[in-house]
file data-v4.csv (CSV, C-alpha atoms)
chain,number,residue,atom,x,y,z
U,139,MET,CA,6.8,-16.0,23.5
U,140,LYS,CA,6.5,-13.0,21.3
U,141,HIS,CA,2.8,-11.9,21.1
U,142,PHE,CA,1.0,-9.7,18.6
U,143,ASP,CA,-2.1,-7.8,19.7
U,144,ILE,CA,-4.2,-6.2,17.0
U,145,GLY,CA,-7.2,-5.8,19.2
U,146,LEU,CA,-9.4,-8.6,17.7
U,147,GLN,CA,-11.9,-10.3,20.0
U,148,LYS,CA,-11.6,-14.0,20.8
U,149,THR,CA,-14.1,-16.2,18.8
U,150,ASN,CA,-15.3,-19.7,19.4
U,151,LEU,CA,-14.4,-22.5,16.9
U,152,VAL,CA,-17.3,-22.9,14.4
U,153,LYS,CA,-17.6,-24.9,11.2
U,154,VAL,CA,-17.4,-22.7,8.2
U,155,SER,CA,-20.7,-24.0,7.0
U,156,GLN,CA,-22.4,-22.8,10.2
U,157,LEU,CA,-21.1,-19.2,9.9
U,158,GLU,CA,-23.4,-16.5,8.6
U,159,LYS,CA,-22.5,-15.7,5.0
U,160,LYS,CA,-21.1,-12.2,4.7
U,161,GLU,CA,-20.1,-9.8,2.0
U,162,PHE,CA,-16.5,-8.6,2.2
U,163,PRO,CA,-16.5,-5.2,0.5
U,164,ARG,CA,-13.6,-4.2,-1.7
U,165,LEU,CA,-12.7,-0.7,-2.8
U,166,LYS,CA,-12.4,-0.6,-6.6
U,167,SER,CA,-10.0,1.4,-8.7
U,168,SER,CA,-10.8,2.5,-12.3
U,169,TYR,CA,-7.5,0.8,-13.3
U,170,PRO,CA,-8.0,-3.0,-13.8
U,171,LEU,CA,-4.3,-3.5,-13.1
U,172,ILE,CA,-4.6,-2.0,-9.6
U,173,ASN,CA,-7.7,-4.1,-8.8
U,174,ASN,CA,-5.8,-7.2,-9.9
U,175,LEU,CA,-2.8,-6.2,-7.8
U,176,PHE,CA,-5.0,-6.0,-4.6
U,177,GLY,CA,-7.0,-9.1,-5.5
U,178,ASN,CA,-10.2,-7.9,-7.2
U,179,GLY,CA,-10.1,-4.6,-5.3
U,180,TRP,CA,-8.7,-3.4,-2.0
U,181,ARG,CA,-10.4,-5.2,0.8
U,182,GLU,CA,-11.7,-3.0,3.5
U,183,GLY,CA,-9.5,-2.9,6.6
U,184,SER,CA,-6.4,-4.2,4.8
U,185,VAL,CA,-3.0,-2.8,5.6
U,186,VAL,CA,-0.4,-2.8,2.8
U,187,GLN,CA,3.4,-2.4,3.2
U,188,THR,CA,5.2,-0.7,0.3
U,189,THR,CA,9.0,-0.6,-0.2
U,190,ALA,CA,11.0,0.5,-3.2
U,191,TYR,CA,14.5,1.2,-4.4
U,192,ARG,CA,15.5,4.9,-4.3
U,193,GLY,CA,13.9,6.8,-7.2
U,194,CYS,CA,11.3,4.3,-8.1
U,195,GLY,CA,8.5,6.6,-7.0
U,196,LYS,CA,6.8,5.3,-3.9
U,197,THR,CA,5.1,8.7,-3.1
U,198,THR,CA,4.1,9.1,-6.8
U,199,PHE,CA,2.6,5.7,-6.9
U,200,TRP,CA,0.4,6.3,-3.9
U,201,LEU,CA,-0.6,9.8,-4.7
U,202,GLN,CA,-1.8,8.7,-8.1
U,203,LEU,CA,-3.8,5.8,-6.7
U,204,LEU,CA,-5.4,8.0,-4.0
U,205,GLU,CA,-6.5,10.5,-6.7
U,206,ASP,CA,-8.2,7.7,-8.5
U,207,PHE,CA,-9.9,6.4,-5.4
U,208,THR,CA,-11.1,9.9,-4.5
U,209,LYS,CA,-13.8,9.5,-7.1
U,210,GLU,CA,-15.6,7.2,-4.6
U,211,TYR,CA,-13.8,7.4,-1.2
U,212,SER,CA,-12.2,9.9,1.2
U,213,THR,CA,-8.5,9.7,1.0
U,214,ALA,CA,-5.6,11.1,3.0
U,215,PHE,CA,-1.8,11.2,2.4
U,216,ILE,CA,0.2,11.7,5.6
U,217,SER,CA,3.9,12.6,5.3
U,218,ASN,CA,6.5,13.0,8.0
U,219,GLU,CA,9.3,13.4,5.4
U,220,GLU,CA,8.0,16.2,3.2
U,221,SER,CA,6.3,19.4,4.1
U,222,GLN,CA,2.7,20.1,2.9
U,223,ASP,CA,4.2,22.6,0.4
U,224,GLN,CA,6.6,20.0,-1.1
U,225,LEU,CA,3.7,17.5,-1.4
U,226,GLN,CA,1.6,20.2,-3.1
U,227,GLU,CA,4.3,20.8,-5.7
U,228,LYS,CA,4.5,17.1,-6.4
U,229,CYS,CA,0.7,16.8,-6.7
U,230,ILE,CA,0.5,19.7,-9.2
U,231,ARG,CA,3.0,17.9,-11.4
U,232,LEU,CA,1.0,14.6,-11.2
U,233,ASN,CA,-2.3,16.4,-11.7
U,234,VAL,CA,-3.5,15.2,-8.2
U,235,ASN,CA,-6.1,17.6,-7.0
U,236,ASN,CA,-8.5,15.9,-4.6
U,237,VAL,CA,-6.3,14.0,-2.2
U,238,GLU,CA,-6.1,15.5,1.3
U,239,ILE,CA,-2.4,16.0,2.2
U,240,GLY,CA,-0.7,17.0,5.4
U,241,TYR,CA,2.4,16.7,7.6
U,242,MET,CA,2.2,14.8,10.9
U,243,SER,CA,4.4,12.4,12.8
U,244,SER,CA,2.5,11.7,16.0
U,245,LEU,CA,1.1,8.2,16.2
U,246,GLU,CA,-2.1,9.4,17.9
U,247,ASP,CA,-2.7,12.0,15.2
U,248,ILE,CA,-2.3,9.4,12.5
U,249,LEU,CA,-4.7,7.0,14.3
U,250,GLU,CA,-7.3,9.7,14.4
U,251,VAL,CA,-7.0,10.1,10.6
U,252,ILE,CA,-7.4,6.4,10.1
U,253,ARG,CA,-10.6,6.6,12.1
U,254,SER,CA,-11.9,9.4,9.9
U,255,TYR,CA,-11.0,8.4,6.3
U,256,LYS,CA,-11.6,5.4,4.0
U,257,ILE,CA,-8.0,5.2,2.6
U,258,VAL,CA,-4.9,6.5,4.4
U,259,VAL,CA,-1.3,6.4,3.2
U,260,ILE,CA,1.6,7.0,5.7
U,261,ASP,CA,4.9,8.1,4.4
U,262,SER,CA,6.9,6.8,6.1
U,263,PHE,CA,6.4,4.2,8.9
U,264,GLN,CA,9.9,4.9,10.2
U,265,GLY,CA,9.1,8.6,10.7
U,266,ILE,CA,6.2,7.9,13.2
U,267,ALA,CA,6.8,9.3,16.7
U,268,CYS,CA,6.0,6.4,19.0
U,269,ASN,CA,7.4,4.2,21.8
U,270,SER,CA,8.3,1.3,19.5
U,271,GLU,CA,7.7,0.1,15.9
U,272,LYS,CA,5.8,-2.9,17.4
U,273,GLU,CA,3.4,-0.6,19.1
U,274,ALA,CA,2.9,1.5,16.0
U,275,ILE,CA,2.1,-1.4,13.6
U,276,GLN,CA,-0.2,-3.1,16.1
U,277,LYS,CA,-2.2,0.0,16.7
U,278,ILE,CA,-2.3,0.9,13.0
U,279,VAL,CA,-3.6,-2.6,12.0
U,280,SER,CA,-6.0,-2.6,14.9
U,281,GLU,CA,-7.6,0.7,14.0
U,282,ALA,CA,-7.7,-0.2,10.3
U,283,LYS,CA,-9.7,-3.3,11.0
U,284,LYS,CA,-11.9,-1.7,13.6
U,285,TYR,CA,-12.9,1.2,11.2
U,286,ASN,CA,-12.7,-0.8,7.9
U,287,THR,CA,-10.1,1.7,6.7
U,288,CYS,CA,-7.6,0.7,3.9
U,289,VAL,CA,-4.1,1.8,5.0
U,290,ALA,CA,-0.8,1.8,3.2
U,291,ILE,CA,2.5,2.3,5.0
U,292,ILE,CA,5.7,3.2,3.2
U,293,VAL,CA,8.7,1.4,4.7
U,294,HIS,CA,12.4,2.4,4.3
U,295,MET,CA,15.0,0.1,2.8
U,296,THR,CA,18.5,-0.5,4.1
U,297,LYS,CA,21.7,0.0,2.1
U,298,GLY,CA,21.5,-3.8,1.5
U,299,LEU,CA,18.1,-3.3,-0.1
U,300,ARG,CA,16.2,-5.0,2.6
U,301,GLU,CA,13.1,-3.6,4.5
U,302,LYS,CA,14.0,-1.7,7.6
U,303,GLY,CA,12.3,-2.6,10.9
U,304,GLY,CA,11.3,-5.7,12.8
U,305,SER,CA,9.7,-8.8,11.3
U,306,GLU,CA,6.3,-7.9,12.9
U,307,ILE,CA,5.7,-5.2,10.2
U,308,PRO,CA,5.4,-7.5,7.2
U,309,HIS,CA,3.9,-10.2,9.4
U,310,LEU,CA,1.0,-8.0,10.5
U,311,CYS,CA,0.4,-6.4,7.1
U,312,ASP,CA,-2.1,-8.1,4.8
U,313,GLN,CA,-0.1,-7.4,1.7
U,314,THR,CA,3.5,-6.4,0.8
U,315,ILE,CA,4.3,-4.5,-2.4
U,316,LYS,CA,7.8,-3.8,-3.8
U,317,LEU,CA,8.6,-1.3,-6.6
U,318,MET,CA,11.7,-2.1,-8.7
U,319,GLU,CA,13.1,-0.4,-11.8
U,320,ALA,CA,13.3,-2.7,-14.8
U,321,ASN,CA,15.2,-2.9,-18.0
U,322,PRO,CA,12.8,-1.5,-20.6
U,323,GLU,CA,14.2,-3.6,-23.4
U,324,SER,CA,13.1,-6.8,-21.6
U,325,PHE,CA,9.5,-5.8,-22.1
U,326,GLY,CA,9.7,-3.9,-25.3
U,327,MET,CA,9.0,-0.6,-23.6
U,328,GLU,CA,10.6,2.8,-23.8
U,329,GLY,CA,11.7,5.0,-20.9
U,330,LYS,CA,11.6,4.3,-17.2
U,331,THR,CA,9.9,0.9,-16.5
U,332,ILE,CA,8.7,-0.2,-13.1
U,333,ILE,CA,8.0,-3.7,-11.8
U,334,ILE,CA,5.3,-3.8,-9.2
U,335,TYR,CA,5.8,-6.9,-7.2
U,336,SER,CA,3.5,-8.3,-4.6
U,337,ASP,CA,5.1,-11.2,-2.7
U,338,LYS,CA,2.4,-11.5,0.0
U,339,ASN,CA,-1.3,-11.0,-0.3
U,340,ARG,CA,-3.9,-12.5,2.1
U,341,ASN,CA,-6.7,-11.2,-0.1
U,342,GLY,CA,-5.6,-12.3,-3.5
U,343,ARG,CA,-2.8,-13.7,-5.6
U,344,THR,CA,0.9,-12.6,-5.8
U,345,GLY,CA,2.9,-11.8,-8.9
U,346,TYR,CA,4.5,-9.0,-11.0
U,347,TRP,CA,3.0,-6.2,-12.9
U,348,ILE,CA,5.0,-4.0,-15.3
U,349,VAL,CA,4.2,-0.3,-16.1
U,350,SER,CA,6.1,2.7,-17.5
U,351,CYS,CA,6.7,5.8,-15.4
U,352,GLY,CA,7.5,9.3,-16.7
U,353,ASN,CA,7.5,12.9,-15.4
U,354,SER,CA,3.8,12.9,-15.0
U,355,GLY,CA,3.8,9.6,-13.1
U,356,TYR,CA,2.8,6.0,-13.7
U,357,ASP,CA,0.9,4.9,-16.8
U,358,PHE,CA,-1.5,2.6,-15.1
U,359,GLU,CA,-3.9,2.7,-18.1
U,360,ASN,CA,-1.5,1.1,-20.5
U,361,PRO,CA,0.5,-1.6,-18.6
U,362,TRP,CA,2.6,-4.2,-20.2
U,363,ASP,CA,-0.1,-6.7,-19.1
U,364,GLU,CA,-3.0,-6.3,-16.7
U,365,SER,CA,-2.5,-9.9,-15.5
U,366,PRO,CA,0.3,-10.8,-13.1
U,367,VAL,CA,3.5,-12.2,-14.5
U,368,GLU,CA,4.5,-15.4,-12.6
U,369,MET,CA,8.3,-15.0,-12.9
U,370,ILE,CA,10.8,-12.2,-13.9
U,371,GLU,CA,14.2,-13.1,-15.3
U,372,LYS,CA,17.1,-11.6,-13.3
U,373,ASN,CA,18.5,-9.6,-16.2
U,374,SER,CA,15.1,-7.8,-16.4
U,375,VAL,CA,15.7,-5.9,-13.2
call {"tool": "encode", "arguments": {"input": "data-v4.csv", "output": "structure tokens"}}
result
Amino acid sequence: MKHFDIGLQKTNLVKVSQLEKKEFPRLKSSYPLINNLFGNGWREGSVVQTTAYRGCGKTTFWLQLLEDFTKEYSTAFISNEESQDQLQEKCIRLNVNNVEIGYMSSLEDILEVIRSYKIVVIDSFQGIACNSEKEAIQKIVSEAKKYNTCVAIIVHMTKGLREKGGSEIPHLCDQTIKLMEANPESFGMEGKTIIIYSDKNRNGRTGYWIVSCGNSGYDFENPWDESPVEMIEKNSV
């Protein structure tokens, strides 16, 4: 039988009422929409998978969020698709100044970053040099939980608009987020409109959030609504 190993220790079965009460820290953004997206903040040790149609702005999305989180936490953006110079150019356009950026593809190098920072984004998962995707996702999740690091992995999409890779990637991730371009008229907005869709979240609710996106990035401060939308009509996407 297929077996996942994320390095957690075996525990005895205990009644919930007998367990010691614990605090489960969550990293807070200055944007209410983002805290709602994660589930009242990004829970420590959680791994998030992100996919998007071409041109939606996966890199932009995460660079902006990391810049916001740098007010309180150490953040790193690892790319194996763009050089440090390319990332720097994008950061300047987005007014991102405090995120630490770099190019690396070795799994061991990436794991060392996860051990050293509070939030790490990997762009992309398919660009990691490793023996197998299963090994990569198991080790990333294991180190994230061991060191209480919040990790986001950007996953490619196929021509059929499905996530690339094996089923173990979304299974082991705590949350999945999709970015989709929407019809602005459906929401009374102008310009490029993005639907942020979370269809799995172990630490909060799922749903849709709608924001505008321009040359300077996402407008997280003025979303269509800070609360999740339960359903989106097909003609809105």
call {"tool": "residues_around", "arguments": {"input": "data-v4.csv", "residues": "Glu319 (chain U)", "least_positions_apart": "6", "cutoff": "7 Å", "atoms": "all atoms listed in the file", "output": "PyMOL selection string"}}
result
chain U and resi 194+331-333+375
call {"tool": "closest_residue", "arguments": {"input": "data-v4.csv", "among": "U:Leu165, U:Ile370, U:Ile257, U:Val152", "to": "Ala282 (chain U)", "atoms": "only C-alpha atoms"}}
result
U:Ile257
call {"tool": "closest_residue", "arguments": {"input": "data-v4.csv", "among": "U:Lys256, U:His294, U:Arg231, U:Arg192", "to": "Leu204 (chain U)", "atoms": "all atoms listed in the file"}}
result
U:Lys256
call {"tool": "residues_around", "arguments": {"input": "data-v4.csv", "residues": "region 212-222 of chain U", "least_positions_apart": "4", "cutoff": "7 Å", "atoms": "only C-alpha atoms", "output": "list in words"}}
result
Leu204, Thr208, Gln226, Val237, Glu238, Ile239, Gly240, Tyr241, Met242, Ser243, Tyr255, Lys256, Ile257, Val258, Val259, Ile260, Asp261, Ser262 and Gly265 of chain U
call {"tool": "residues_around", "arguments": {"input": "data-v4.csv", "residues": "Trp362 (chain U)", "least_positions_apart": "5", "cutoff": "9 Å", "atoms": "all atoms listed in the file", "output": "short mmCIF file (atom, residue, chain, number, x, y, z; two decimals) with C-alpha atoms, keeping the file's coordinate frame"}}
result
data_model
loop_
_atom_site.label_atom_id
_atom_site.label_comp_id
_atom_site.auth_asym_id
_atom_site.auth_seq_id
_atom_site.Cartn_x
_atom_site.Cartn_y
_atom_site.Cartn_z
CA PHE U 325 9.50 -5.80 -22.10
CA GLY U 326 9.70 -3.90 -25.30
CA MET U 327 9.00 -0.60 -23.60
CA TRP U 347 3.00 -6.20 -12.90
CA ILE U 348 5.00 -4.00 -15.30
CA VAL U 349 4.20 -0.30 -16.10
CA SER U 350 6.10 2.70 -17.50
#
call {"tool": "residues_around", "arguments": {"input": "data-v4.csv", "residues": "Tyr285 (chain U)", "least_positions_apart": "4", "cutoff": "12 Å", "atoms": "all atoms listed in the file", "output": "PyMOL selection string"}}
result
chain U and resi 182-184+249-258+278-281+289
call {"tool": "residues_around", "arguments": {"input": "data-v4.csv", "residues": "region 304-309 of chain U", "least_positions_apart": "3", "cutoff": "12 Å", "atoms": "only C-alpha atoms", "output": "number ranges by chain"}}
result
U: 140-144, 185-189, 263-264, 270-279, 290-294, 300-301, 312-316, 336-340
call {"tool": "atom_distance", "arguments": {"input": "data-v4.csv", "atom1": "CA of Leu232 (chain U)", "atom2": "CA of Glu364 (chain U)"}}
result
22.0 Å
call {"tool": "atom_distance", "arguments": {"input": "data-v4.csv", "atom1": "CA of Asn233 (chain U)", "atom2": "CA of Ser167 (chain U)"}}
result
17.1 Å
call {"tool": "closest_residue", "arguments": {"input": "data-v4.csv", "among": "U:Gly329, U:Leu225, U:Gly179, U:Lys166", "to": "Glu210 (chain U)", "atoms": "only C-alpha atoms"}}
result
U:Lys166
call {"tool": "closest_residue", "arguments": {"input": "data-v4.csv", "among": "U:Trp180, U:Tyr211, U:Tyr191, U:Phe162", "to": "Leu317 (chain U)", "atoms": "only C-alpha atoms"}}
result
U:Tyr191
call {"tool": "atom_distance", "arguments": {"input": "data-v4.csv", "atom1": "CA of Tyr356 (chain U)", "atom2": "CA of Ile230 (chain U)"}}
result
14.6 Å
call {"tool": "closest_residue", "arguments": {"input": "data-v4.csv", "among": "U:Gly352, U:Arg181, U:Ile172, U:Gly345", "to": "Glu328 (chain U)", "atoms": "all atoms listed in the file"}}
result
U:Gly352
call {"tool": "closest_residue", "arguments": {"input": "data-v4.csv", "among": "U:Met318, U:Asn236, U:Asn173, U:Glu323", "to": "Gly193 (chain U)", "atoms": "only C-alpha atoms"}}
result
U:Met318
